[in-house]
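Participant: my_file.cif (mmCIF, C-alpha atoms and all ligand atoms) pasted underneath:
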```cif
data_entry
loop_
_atom_site.label_atom_id
_atom_site.label_comp_id
_atom_site.auth_asym_id
_atom_site.auth_seq_id
_atom_site.Cartn_x
_atom_site.Cartn_y
_atom_site.Cartn_z
CA MET A 238 20.79 -100.67 375.66
CA THR A 239 18.65 -97.66 374.70
CA SER A 240 21.33 -95.00 374.53
CA ILE A 241 25.08 -94.88 374.19
CA THR A 242 27.57 -92.04 374.70
CA ILE A 243 30.89 -92.22 372.91
CA THR A 244 33.81 -89.94 372.14
CA ARG A 245 33.08 -87.90 368.99
CA PRO A 246 34.12 -90.09 366.03
CA ASP A 247 36.24 -89.29 362.96
CA ASP A 248 35.63 -90.41 359.37
CA TRP A 249 38.87 -91.80 357.96
CA HIS A 250 37.59 -91.98 354.34
CA LEU A 251 35.21 -89.40 352.88
CA HIS A 252 34.27 -87.94 349.48
CA LEU A 253 33.16 -84.32 349.83
CA ARG A 254 33.23 -83.38 346.12
CA ASP A 255 33.59 -79.65 345.39
CA ASN A 256 31.75 -76.35 344.89
CA ALA A 257 27.91 -76.54 344.88
CA GLN A 258 27.89 -80.31 345.49
CA MET A 259 30.21 -79.97 348.47
CA HIS A 260 28.10 -77.15 349.92
CA ASP A 261 25.13 -79.50 350.02
CA VAL A 262 26.81 -82.44 351.79
CA VAL A 263 29.66 -81.16 353.96
CA GLN A 264 27.46 -80.30 356.97
CA CYS A 265 26.22 -83.88 357.19
CA SER A 266 29.76 -85.01 358.02
CA ALA A 267 30.68 -81.97 360.14
CA ARG A 268 27.60 -82.52 362.32
CA GLN A 269 28.77 -86.00 363.33
CA PHE A 270 32.52 -86.17 362.96
CA ALA A 271 35.36 -84.12 364.42
CA ARG A 272 37.69 -84.83 361.50
CA ALA A 273 37.62 -86.52 358.13
CA ILE A 274 40.24 -87.80 355.73
CA VAL A 275 39.10 -86.12 352.51
CA MET A 276 39.58 -88.05 349.28
CA PRO A 277 41.42 -86.27 346.45
CA ASN A 278 39.54 -87.74 343.44
CA LEU A 279 38.17 -84.44 342.18
CA ASN A 280 38.24 -83.57 338.53
CA PRO A 281 41.03 -82.50 338.11
CA PRO A 282 42.48 -84.51 341.02
CA VAL A 283 44.27 -82.99 344.01
CA VAL A 284 47.87 -83.76 343.05
CA THR A 285 49.84 -81.01 344.80
CA THR A 286 50.11 -79.59 348.30
CA ASN A 287 48.92 -76.22 347.04
CA MET A 288 45.80 -77.81 345.54
CA ALA A 289 45.15 -79.61 348.83
CA LYS A 290 45.50 -76.35 350.78
CA ALA A 291 43.10 -74.56 348.43
CA TYR A 292 40.60 -77.44 348.62
CA ARG A 293 40.79 -77.40 352.42
CA ALA A 294 40.06 -73.66 352.44
CA ARG A 295 37.02 -74.23 350.19
CA ILE A 296 35.71 -76.94 352.53
CA LEU A 297 36.02 -74.70 355.58
CA ALA A 298 34.46 -71.77 353.73
CA ALA A 299 31.45 -73.96 352.88
CA LEU A 300 30.73 -74.53 356.58
CA PRO A 301 28.80 -72.19 358.89
CA GLY A 302 31.06 -70.31 361.34
CA SER A 303 30.28 -72.56 364.30
CA MET A 304 31.38 -75.67 362.40
CA GLN A 305 34.57 -74.13 361.01
CA SER A 306 36.28 -74.60 364.35
CA SER A 307 34.66 -77.93 365.26
CA PHE A 308 35.40 -79.84 362.02
CA GLY A 309 38.87 -80.57 360.70
CA PRO A 310 39.34 -81.64 357.07
CA LEU A 311 42.48 -83.80 356.82
CA MET A 312 43.73 -83.56 353.25
CA THR A 313 45.20 -86.21 350.95
CA LEU A 314 47.19 -86.17 347.72
CA TYR A 315 46.23 -88.19 344.65
CA LEU A 316 49.20 -90.30 343.55
CA THR A 317 50.02 -90.37 339.84
CA ASP A 318 52.76 -92.11 337.86
CA ASP A 319 54.65 -88.81 338.01
CA THR A 320 54.22 -87.60 341.59
CA PRO A 321 57.77 -86.54 342.52
CA PRO A 322 59.23 -87.48 345.93
CA ALA A 323 59.67 -83.74 346.58
CA GLU A 324 55.89 -83.27 346.40
CA VAL A 325 55.17 -85.73 349.22
CA ILE A 326 57.95 -84.19 351.31
CA CYS A 327 56.38 -80.76 350.77
CA ALA A 328 52.98 -82.28 351.66
CA LYS A 329 54.30 -83.71 354.90
CA GLU A 330 55.92 -80.40 355.86
CA SER A 331 52.65 -78.54 355.20
CA GLY A 332 50.95 -80.22 358.18
CA VAL A 333 47.75 -80.07 356.11
CA VAL A 334 48.20 -83.26 354.07
CA HIS A 335 47.92 -86.43 356.13
CA ALA A 336 48.18 -89.16 353.51
CA VAL A 337 48.71 -90.05 349.84
CA LYS A 338 46.03 -92.05 348.01
CA LEU A 339 46.52 -94.76 345.40
CA TYR A 340 43.86 -95.13 342.76
CA PRO A 341 44.87 -97.78 340.25
CA ALA A 342 44.09 -96.13 336.88
CA GLY A 343 40.58 -97.05 335.81
CA ALA A 344 39.58 -98.65 339.13
CA THR A 345 36.81 -96.22 340.09
CA THR A 346 35.33 -92.69 339.91
CA ASN A 347 37.86 -90.11 338.64
CA SER A 348 40.72 -92.58 338.60
CA ALA A 349 41.80 -91.97 334.99
CA ALA A 350 44.84 -90.01 336.20
CA GLY A 351 45.71 -92.74 338.72
CA VAL A 352 48.65 -95.11 338.77
CA THR A 353 49.15 -97.33 335.71
CA ASP A 354 51.96 -99.38 337.24
CA ILE A 355 52.95 -99.19 340.90
CA ARG A 356 56.60 -99.70 339.98
CA LYS A 357 56.58 -96.19 338.52
CA CYS A 358 55.99 -94.88 342.06
CA TYR A 359 58.76 -96.71 343.90
CA ASN A 360 60.91 -93.60 344.40
CA THR A 361 57.99 -91.68 345.81
CA LEU A 362 56.94 -94.59 348.03
CA GLU A 363 60.51 -94.81 349.29
CA ALA A 364 60.32 -91.13 350.27
CA MET A 365 56.95 -91.69 351.94
CA GLN A 366 58.39 -94.56 353.92
CA GLN A 367 61.28 -92.35 355.04
CA ILE A 368 59.12 -89.42 356.14
CA ASP A 369 56.37 -91.72 357.51
CA MET A 370 53.58 -90.46 355.25
CA PRO A 371 50.60 -92.88 355.32
CA PHE A 372 49.68 -94.56 352.03
CA LEU A 373 45.96 -95.12 351.42
CA VAL A 374 45.19 -97.86 348.94
CA HIS A 375 42.16 -98.51 346.76
CA GLY A 376 42.85 -102.21 346.65
CA GLU A 377 41.54 -103.54 343.37
CA VAL A 378 43.26 -104.68 340.20
CA THR A 379 41.80 -103.26 337.01
CA ASP A 380 42.62 -106.15 334.67
CA PRO A 381 39.40 -106.76 332.68
CA ASP A 382 40.16 -110.51 332.72
CA ILE A 383 39.70 -110.59 336.50
CA ASP A 384 36.16 -111.09 337.76
CA VAL A 385 34.85 -107.91 339.40
CA PHE A 386 34.17 -109.82 342.64
CA ASP A 387 37.79 -111.10 342.77
CA ARG A 388 39.60 -107.83 342.16
CA GLU A 389 40.40 -107.15 345.82
CA HIS A 390 41.68 -110.66 346.42
CA VAL A 391 43.92 -110.54 343.34
CA PHE A 392 45.19 -107.08 344.33
CA ILE A 393 46.47 -108.50 347.61
CA GLU A 394 48.47 -111.18 345.79
CA ARG A 395 49.76 -109.09 342.91
CA VAL A 396 50.26 -105.64 344.43
CA LEU A 397 49.74 -105.25 348.17
CA PHE A 398 51.67 -108.17 349.58
CA PRO A 399 54.74 -107.44 347.38
CA LEU A 400 54.48 -103.76 348.38
CA THR A 401 54.58 -104.58 352.08
CA GLN A 402 57.67 -106.73 351.47
CA ARG A 403 59.44 -104.00 349.55
CA PHE A 404 58.46 -101.16 351.91
CA PRO A 405 58.14 -102.82 355.33
CA LYS A 406 58.08 -99.52 357.24
CA LEU A 407 55.48 -97.81 355.04
CA ARG A 408 52.22 -97.21 356.93
CA ILE A 409 49.37 -98.44 354.73
CA VAL A 410 45.59 -98.20 355.08
CA PHE A 411 43.85 -100.85 352.99
CA GLU A 412 40.75 -98.73 352.31
CA HIS A 413 37.16 -99.95 352.46
CA VAL A 414 38.00 -103.65 352.75
CA THR A 415 35.24 -105.89 351.42
CA THR A 416 36.44 -109.49 351.75
CA GLN A 417 37.44 -112.07 354.31
CA ASP A 418 40.73 -112.30 352.37
CA ALA A 419 41.47 -108.63 353.05
CA VAL A 420 40.58 -108.99 356.74
CA THR A 421 42.91 -111.97 357.11
CA PHE A 422 45.68 -110.18 355.22
CA VAL A 423 45.46 -107.14 357.53
CA GLN A 424 45.30 -109.28 360.67
CA GLU A 425 48.38 -111.21 359.66
CA SER A 426 50.43 -108.21 358.48
CA SER A 427 52.72 -106.02 360.55
CA GLN A 428 51.49 -103.15 362.73
CA GLN A 429 52.10 -100.83 359.76
CA ILE A 430 49.03 -102.19 357.97
CA ALA A 431 45.48 -101.17 358.92
CA ALA A 432 42.08 -101.05 357.19
CA SER A 433 39.00 -98.86 357.03
CA ILE A 434 35.52 -100.41 356.85
CA THR A 435 32.35 -98.73 355.53
CA ALA A 436 28.91 -98.95 357.12
CA HIS A 437 27.32 -100.20 353.91
CA HIS A 438 29.76 -103.10 353.60
CA LEU A 439 28.80 -104.08 357.18
CA LEU A 440 25.08 -103.89 356.46
CA LEU A 441 24.70 -105.32 352.96
CA ASN A 442 25.69 -108.39 351.05
CA ARG A 443 25.58 -108.68 347.27
CA ASN A 444 21.95 -109.81 347.24
CA ALA A 445 21.16 -106.15 347.96
CA LEU A 446 22.29 -105.31 344.42
CA PHE A 447 19.46 -107.36 342.93
CA GLN A 448 16.60 -107.14 345.46
CA GLY A 449 13.53 -107.44 343.21
CA GLY A 450 15.41 -105.66 340.41
CA ILE A 451 18.71 -103.89 339.89
CA ARG A 452 19.52 -101.45 342.72
CA PRO A 453 21.86 -98.73 341.52
CA HIS A 454 21.99 -97.07 344.95
CA HIS A 455 23.71 -100.14 346.36
CA TYR A 456 26.43 -100.04 343.71
CA CYS A 457 29.84 -98.96 344.94
CA LEU A 458 33.46 -99.98 344.43
CA PRO A 459 34.83 -102.26 345.62
CA ILE A 460 31.50 -103.96 344.98
CA ILE A 461 29.55 -105.51 347.86
CA LYS A 462 30.45 -109.18 348.26
CA ARG A 463 28.69 -112.35 349.44
CA GLU A 464 27.41 -112.90 352.99
CA LYS A 465 30.48 -114.70 354.35
CA HIS A 466 32.56 -111.60 353.53
CA ARG A 467 30.06 -109.23 355.16
CA ALA A 468 30.16 -111.41 358.26
CA ALA A 469 33.98 -111.36 358.28
CA LEU A 470 33.98 -107.56 358.07
CA THR A 471 31.54 -107.35 360.99
CA ALA A 472 33.69 -109.71 363.03
CA ALA A 473 36.78 -107.59 362.31
CA ALA A 474 35.08 -104.25 363.04
CA THR A 475 33.66 -105.50 366.35
CA SER A 476 36.76 -107.45 367.40
CA GLY A 477 38.49 -104.58 369.19
CA ASN A 478 41.55 -105.06 366.96
CA PRO A 479 43.05 -101.54 366.56
CA LYS A 480 43.95 -102.25 362.91
CA PHE A 481 40.30 -101.75 361.90
CA PHE A 482 38.57 -98.37 361.97
CA LEU A 483 35.69 -96.33 360.62
CA GLY A 484 35.82 -94.90 357.09
CA THR A 485 32.42 -94.26 355.53
CA ASP A 486 33.50 -93.87 351.89
CA SER A 487 30.34 -91.77 351.66
CA ALA A 488 30.34 -90.92 347.94
CA PRO A 489 27.50 -88.72 346.70
CA HIS A 490 26.46 -88.75 343.04
CA LEU A 491 23.58 -87.02 341.27
CA GLN A 492 20.46 -89.20 341.13
CA SER A 493 20.62 -88.95 337.34
CA ASN A 494 24.15 -90.38 337.32
CA LYS A 495 23.17 -93.29 339.57
CA GLU A 496 19.85 -94.19 337.91
CA ASN A 497 21.47 -94.47 334.54
CA ALA A 498 22.25 -97.09 331.89
CA CYS A 499 25.86 -96.79 333.09
CA GLY A 500 25.45 -95.76 336.72
CA CYS A 501 28.25 -94.32 338.86
CA ALA A 502 29.77 -96.21 341.79
CA GLY A 503 29.25 -94.70 345.22
CA ILE A 504 26.83 -94.80 348.16
CA PHE A 505 25.95 -91.69 350.16
CA THR A 506 25.87 -92.48 353.90
CA ALA A 507 27.04 -89.21 355.51
CA HIS A 508 23.48 -88.22 356.50
CA ALA A 509 23.34 -91.11 359.00
CA ALA A 510 26.86 -92.44 359.20
CA ILE A 511 27.32 -93.11 362.90
CA GLU A 512 23.72 -94.35 363.19
CA LEU A 513 24.37 -96.93 360.46
CA TYR A 514 27.50 -98.18 362.21
CA ALA A 515 25.53 -98.32 365.50
CA GLU A 516 22.93 -100.48 363.78
CA ALA A 517 25.59 -102.84 362.43
CA PHE A 518 27.28 -103.16 365.83
CA ASP A 519 23.93 -103.52 367.65
CA GLN A 520 22.92 -106.38 365.32
CA VAL A 521 25.74 -108.50 366.76
CA GLY A 522 25.46 -107.21 370.34
CA ALA A 523 28.74 -105.31 370.10
CA LEU A 524 27.79 -101.68 370.84
CA ASP A 525 30.47 -101.69 373.53
CA LYS A 526 33.06 -101.98 370.73
CA LEU A 527 31.73 -99.02 368.70
CA GLU A 528 33.66 -96.24 370.43
CA ALA A 529 37.12 -97.72 369.89
CA PHE A 530 36.36 -98.51 366.23
CA ALA A 531 34.80 -95.11 365.51
CA SER A 532 36.81 -92.78 367.71
CA PHE A 533 40.14 -94.29 368.83
CA HIS A 534 41.73 -96.72 366.38
CA GLY A 535 41.93 -94.35 363.40
CA ALA A 536 43.35 -91.45 365.41
CA ASP A 537 45.95 -93.76 366.91
CA PHE A 538 46.99 -95.13 363.52
CA TYR A 539 47.26 -91.64 362.02
CA GLN A 540 49.19 -90.55 365.14
CA LEU A 541 46.72 -87.77 365.88
CA PRO A 542 45.22 -86.96 369.29
CA ARG A 543 41.94 -88.65 370.20
CA ASN A 544 38.91 -86.36 370.43
CA HIS A 545 37.61 -85.34 373.86
CA GLU A 546 34.04 -84.26 373.12
CA LYS A 547 31.22 -86.80 373.41
CA ILE A 548 28.15 -87.61 371.33
CA THR A 549 25.06 -89.57 372.37
CA LEU A 550 23.00 -91.97 370.28
CA HIS A 551 19.47 -92.99 371.28
CA LYS A 552 17.63 -96.09 370.15
CA GLN A 553 14.86 -94.09 368.55
CA SER A 554 13.32 -94.81 365.18
CA TRP A 555 13.45 -92.04 362.55
CA LYS A 556 12.84 -91.85 358.83
CA VAL A 557 15.59 -91.03 356.34
CA PRO A 558 14.49 -88.35 353.84
CA ASP A 559 13.61 -89.59 350.34
CA GLN A 560 16.22 -87.29 348.86
CA PHE A 561 18.52 -84.36 349.49
CA SER A 562 19.14 -81.35 347.30
CA PHE A 563 22.50 -81.68 345.52
CA ALA A 564 23.79 -78.88 343.32
CA GLY A 565 20.25 -78.14 342.13
CA GLU A 566 19.45 -81.81 341.49
CA ALA A 567 18.64 -84.76 343.75
CA LEU A 568 20.85 -87.04 345.82
CA ILE A 569 19.36 -90.34 347.00
CA PRO A 570 20.76 -91.27 350.41
CA PHE A 571 21.35 -94.79 351.68
CA ARG A 572 18.08 -96.17 353.19
CA ALA A 573 16.07 -93.36 351.55
CA GLY A 574 12.53 -93.26 352.97
CA GLU A 575 13.27 -96.12 355.38
CA SER A 576 13.49 -96.18 359.16
CA LEU A 577 16.73 -96.31 361.12
CA ALA A 578 16.89 -97.62 364.66
CA TRP A 579 19.50 -95.24 366.12
CA LYS A 580 19.62 -91.46 366.16
CA MET A 581 22.38 -89.11 367.19
CA ALA A 582 21.15 -86.53 369.73
O1 LIG B 1 32.05 -96.43 345.21
C1 LIG B 1 32.99 -95.66 345.14
N1 LIG B 1 32.79 -94.33 344.93
N2 LIG B 1 34.23 -96.13 345.24
C2 LIG B 1 35.29 -95.35 345.03
O2 LIG B 1 36.39 -95.85 345.12
C3 LIG B 1 35.13 -93.93 344.64
C4 LIG B 1 33.85 -93.39 345.07
C5 LIG B 1 33.49 -92.09 344.38
O3 LIG B 1 34.32 -91.18 344.34
O4 LIG B 1 32.37 -91.96 343.92
ZN ZN B 2 36.38 -93.74 348.45
#
```
Take the structure in this file and express it as structure tokens.
Facilitator:
Amino acid sequence: MTSITITRPDDWHLHLRDNAQMHDVVQCSARQFARAIVMPNLNPPVVTTNMAKAYRARILAALPGSMQSSFGPLMTLYLTDDTPPAEVICAKESGVVHAVKLYPAGATTNSAAGVTDIRKCYNTLEAMQQIDMPFLVHGEVTDPDIDVFDREHVFIERVLFPLTQRFPKLRIVFEHVTTQDAVTFVQESSQQIAASITAHHLLLNRNALFQGGIRPHHYCLPIIKREKHRAALTAAATSGNPKFFLGTDSAPHLQSNKENACGCAGIFTAHAAIELYAEAFDQVGALDKLEAFASFHGADFYQLPRNHEKITLHKQSWKVPDQFSFAGEALIPFRAGESLAWKMA
């Protein structure tokens, strides 16, 4: 196959940052995707409906006029120990907020205000279950005694499985799954449980962290796992199972914060998101499964209409820029300076 036309995709997990940083990256996503679920881990985090509305207005204002009508930011709230049930009810009624995000405190970037103990949120989760507000989960325990590579697996046992038992009607997205264990858990759970999968977790295994030296631009959370997990993610993404859908987790950081003695977690993929997924699907001869994964399954799970517009990808080699400008500094994109096989027309 040398070209493929699919329904315009959506990104069901995206970090857009704010202000000058956001101005420099938002068009990358708006060029490819019709909609994106926008993560709330700003500093300070987006904890109220009013903050989400104001953030949405800033995102739209950062886009050129033509893109303001073609790109829809779908907002999320950042769950804290103290988020009142009334806040998620207000969020649902706003029509602007489409989900509530769990960051276990200390799990990742800007998670300090996250949840210290999920039991503190039971009342709010009960309300979310009642009003059918999706719950997006960063699925890692933060216990320093647990090996970094096992944190997703242990989260399933200690937190996620019990949560699905307690709130069987709550719609949950297990975000950016990275292990065979997570894939199996989602497959075997009820229809209420789905998962997003990033392009970089489909394309890399953990050797990529240490290729000839330490590779900070391949560091993200949850961390990239061994090959058998990458293969399980690819099998899930290309299986046609509607529980699995596209979520880039594109997470830009300043070059100076990545190439650092204590580098930040996050990989920027928005410059070539759909091309990277096309490459991953093409590698296993599954391009015919790309459209449903990228453009149908997420919309269906979020109970939003599917897009109608089409995009076309050509098998045509192109070179990723070495860097992008990012709030006056540099941002190093995934595959910087390397060739990609697919290009969106
Ligand atoms: O790698 C990551 N980067 N994982 C996350 O969970 C957060 C994200 C970020 O905001 O940089
Ligand atoms: Zn994320």
Participant: When distances are computed from all atoms listed in the file, which of A:Thr286, A:Pro542, A:Phe411, A:Gln258 shows the smallest separation from Glu566 in chain A?
Facilitator: A:Gln258
Participant: At what distance in Å, to one decimal, does CA of Leu577 in chain A lie from CA of Lys556 in chain A?
Facilitator: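 Interatomic distance here is 6.3 Å.
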Participant: Neighbours of Glu394 in chain A within 12 Å (only C-alpha atoms; same-chain residues fewer than 3 positions away dropped), as a list in words?
Facilitator: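 Once the adjacent positions are removed, what remains is Gly376, Glu377, Val378, Asp387, Arg388, Glu389, His390, Val391, Leu397, Phe398, Pro399, Leu400, Thr401, Gln402, Asp418, Ala419 and Phe422 of chain A.
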Participant: Just want the 12 Å neighbourhood of Glu546 in chain A, counted on all atoms listed in the file, with same-chain residues fewer than 5 positions away dropped. Output as a ChimeraX atom specification.
Facilitator: /A:242-247,269-271,307,532
Participant: Can you measure CA of Gln367 in chain A to CA of Ser427 in chain A for me? One decimal in Å is fine.
Facilitator: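 Computing the Euclidean distance for CA of Gln367 in chain A and CA of Ser427 in chain A yields 17.0 Å.
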Participant: Can you list every residue of chain A that has an atom at most 12 Å from ligand ZN 2 (chain B), with its nearest atom pair and the distance in Å to one decimal, using only C-alpha atoms and all ligand atoms, ordered by chain then number, as a tab-separated table?
Facilitator:
```
residue	atom	partner	partner_atom	distance
A:Asp248	CA	B:ZN2	ZN	11.4
A:Trp249	CA	B:ZN2	ZN	10.0
A:His250	CA	B:ZN2	ZN	6.3
A:Leu251	CA	B:ZN2	ZN	6.3
A:His252	CA	B:ZN2	ZN	6.3
A:Leu253	CA	B:ZN2	ZN	10.1
A:Arg254	CA	B:ZN2	ZN	11.1
A:Ile274	CA	B:ZN2	ZN	10.2
A:Val275	CA	B:ZN2	ZN	9.1
A:Met276	CA	B:ZN2	ZN	6.6
A:Pro277	CA	B:ZN2	ZN	9.2
A:Asn278	CA	B:ZN2	ZN	8.4
A:Leu279	CA	B:ZN2	ZN	11.4
A:Thr313	CA	B:ZN2	ZN	11.9
A:Tyr315	CA	B:ZN2	ZN	11.9
A:Lys338	CA	B:ZN2	ZN	9.8
A:Leu339	CA	B:ZN2	ZN	10.6
A:Tyr340	CA	B:ZN2	ZN	9.5
A:Ala344	CA	B:ZN2	ZN	11.0
A:Thr345	CA	B:ZN2	ZN	8.7
A:Thr346	CA	B:ZN2	ZN	8.7
A:Asn347	CA	B:ZN2	ZN	10.6
A:Ser348	CA	B:ZN2	ZN	10.8
A:Leu373	CA	B:ZN2	ZN	10.1
A:Val374	CA	B:ZN2	ZN	9.7
A:His375	CA	B:ZN2	ZN	7.7
A:Gly376	CA	B:ZN2	ZN	10.8
A:Phe411	CA	B:ZN2	ZN	11.3
A:Glu412	CA	B:ZN2	ZN	7.7
A:His413	CA	B:ZN2	ZN	7.4
A:Val414	CA	B:ZN2	ZN	10.9
A:Ser433	CA	B:ZN2	ZN	10.3
A:Ile434	CA	B:ZN2	ZN	10.8
A:Thr435	CA	B:ZN2	ZN	9.6
A:Cys457	CA	B:ZN2	ZN	9.1
A:Leu458	CA	B:ZN2	ZN	8.0
A:Pro459	CA	B:ZN2	ZN	9.1
A:Ile460	CA	B:ZN2	ZN	11.8
A:Gly484	CA	B:ZN2	ZN	8.7
A:Thr485	CA	B:ZN2	ZN	8.1
A:Asp486	CA	B:ZN2	ZN	4.5
A:Ser487	CA	B:ZN2	ZN	7.1
A:Ala488	CA	B:ZN2	ZN	6.7
A:Pro489	CA	B:ZN2	ZN	10.3
A:Ala502	CA	B:ZN2	ZN	9.7
A:Gly503	CA	B:ZN2	ZN	7.9
A:Ile504	CA	B:ZN2	ZN	9.6
A:Phe505	CA	B:ZN2	ZN	10.8
A:Thr506	CA	B:ZN2	ZN	11.9
```
Participant: Can range 482-489 of chain A be brought up to all heavy atoms and written out as a tab-separated table (two decimals), in the coordinates of the input?
Facilitator:
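As written to disk, result23.tsv reads:
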```
chain	number	residue	atom	x	y	z
A	482	PHE	N	39.25	-99.59	361.54
A	482	PHE	CA	38.57	-98.37	361.97
A	482	PHE	C	37.57	-97.86	360.95
A	482	PHE	O	37.51	-98.34	359.82
A	482	PHE	CB	39.58	-97.29	362.38
A	482	PHE	CG	40.73	-97.07	361.45
A	482	PHE	CD1	40.60	-96.33	360.29
A	482	PHE	CD2	42.00	-97.58	361.78
A	482	PHE	CE1	41.68	-96.09	359.45
A	482	PHE	CE2	43.09	-97.35	360.95
A	482	PHE	CZ	42.93	-96.60	359.78
A	483	LEU	N	36.80	-96.87	361.39
A	483	LEU	CA	35.69	-96.33	360.62
A	483	LEU	C	36.16	-95.49	359.44
A	483	LEU	O	36.97	-94.58	359.61
A	483	LEU	CB	34.82	-95.48	361.56
A	483	LEU	CG	33.51	-94.88	361.08
A	483	LEU	CD1	32.60	-94.55	362.27
A	483	LEU	CD2	33.70	-93.63	360.22
A	484	GLY	N	35.63	-95.76	358.26
A	484	GLY	CA	35.82	-94.90	357.09
A	484	GLY	C	34.59	-95.08	356.23
A	484	GLY	O	34.36	-96.16	355.68
A	485	THR	N	33.74	-94.05	356.16
A	485	THR	CA	32.42	-94.26	355.53
A	485	THR	C	32.50	-94.52	354.03
A	485	THR	O	31.67	-95.20	353.47
A	485	THR	CB	31.51	-93.02	355.72
A	485	THR	OG1	32.12	-91.90	355.06
A	485	THR	CG2	31.26	-92.74	357.18
A	486	ASP	N	33.50	-93.90	353.36
A	486	ASP	CA	33.50	-93.87	351.89
A	486	ASP	C	32.19	-93.30	351.36
A	486	ASP	O	31.75	-93.67	350.27
A	486	ASP	CB	33.79	-95.25	351.29
A	486	ASP	CG	34.22	-95.16	349.83
A	486	ASP	OD1	34.64	-94.07	349.39
A	486	ASP	OD2	34.14	-96.18	349.12
A	487	SER	N	31.57	-92.42	352.14
A	487	SER	CA	30.34	-91.77	351.66
A	487	SER	C	30.68	-91.04	350.36
A	487	SER	O	31.59	-90.22	350.32
A	487	SER	CB	29.83	-90.79	352.72
A	487	SER	OG	28.68	-90.14	352.24
A	488	ALA	N	29.95	-91.38	349.29
A	488	ALA	CA	30.34	-90.92	347.94
A	488	ALA	C	29.11	-90.48	347.16
A	488	ALA	O	28.48	-91.27	346.46
A	488	ALA	CB	31.06	-92.05	347.21
A	489	PRO	N	28.73	-89.19	347.33
A	489	PRO	CA	27.50	-88.72	346.70
A	489	PRO	C	27.63	-88.57	345.19
A	489	PRO	O	28.66	-88.11	344.68
A	489	PRO	CB	27.28	-87.34	347.36
A	489	PRO	CG	28.65	-86.88	347.76
A	489	PRO	CD	29.41	-88.13	348.11
```
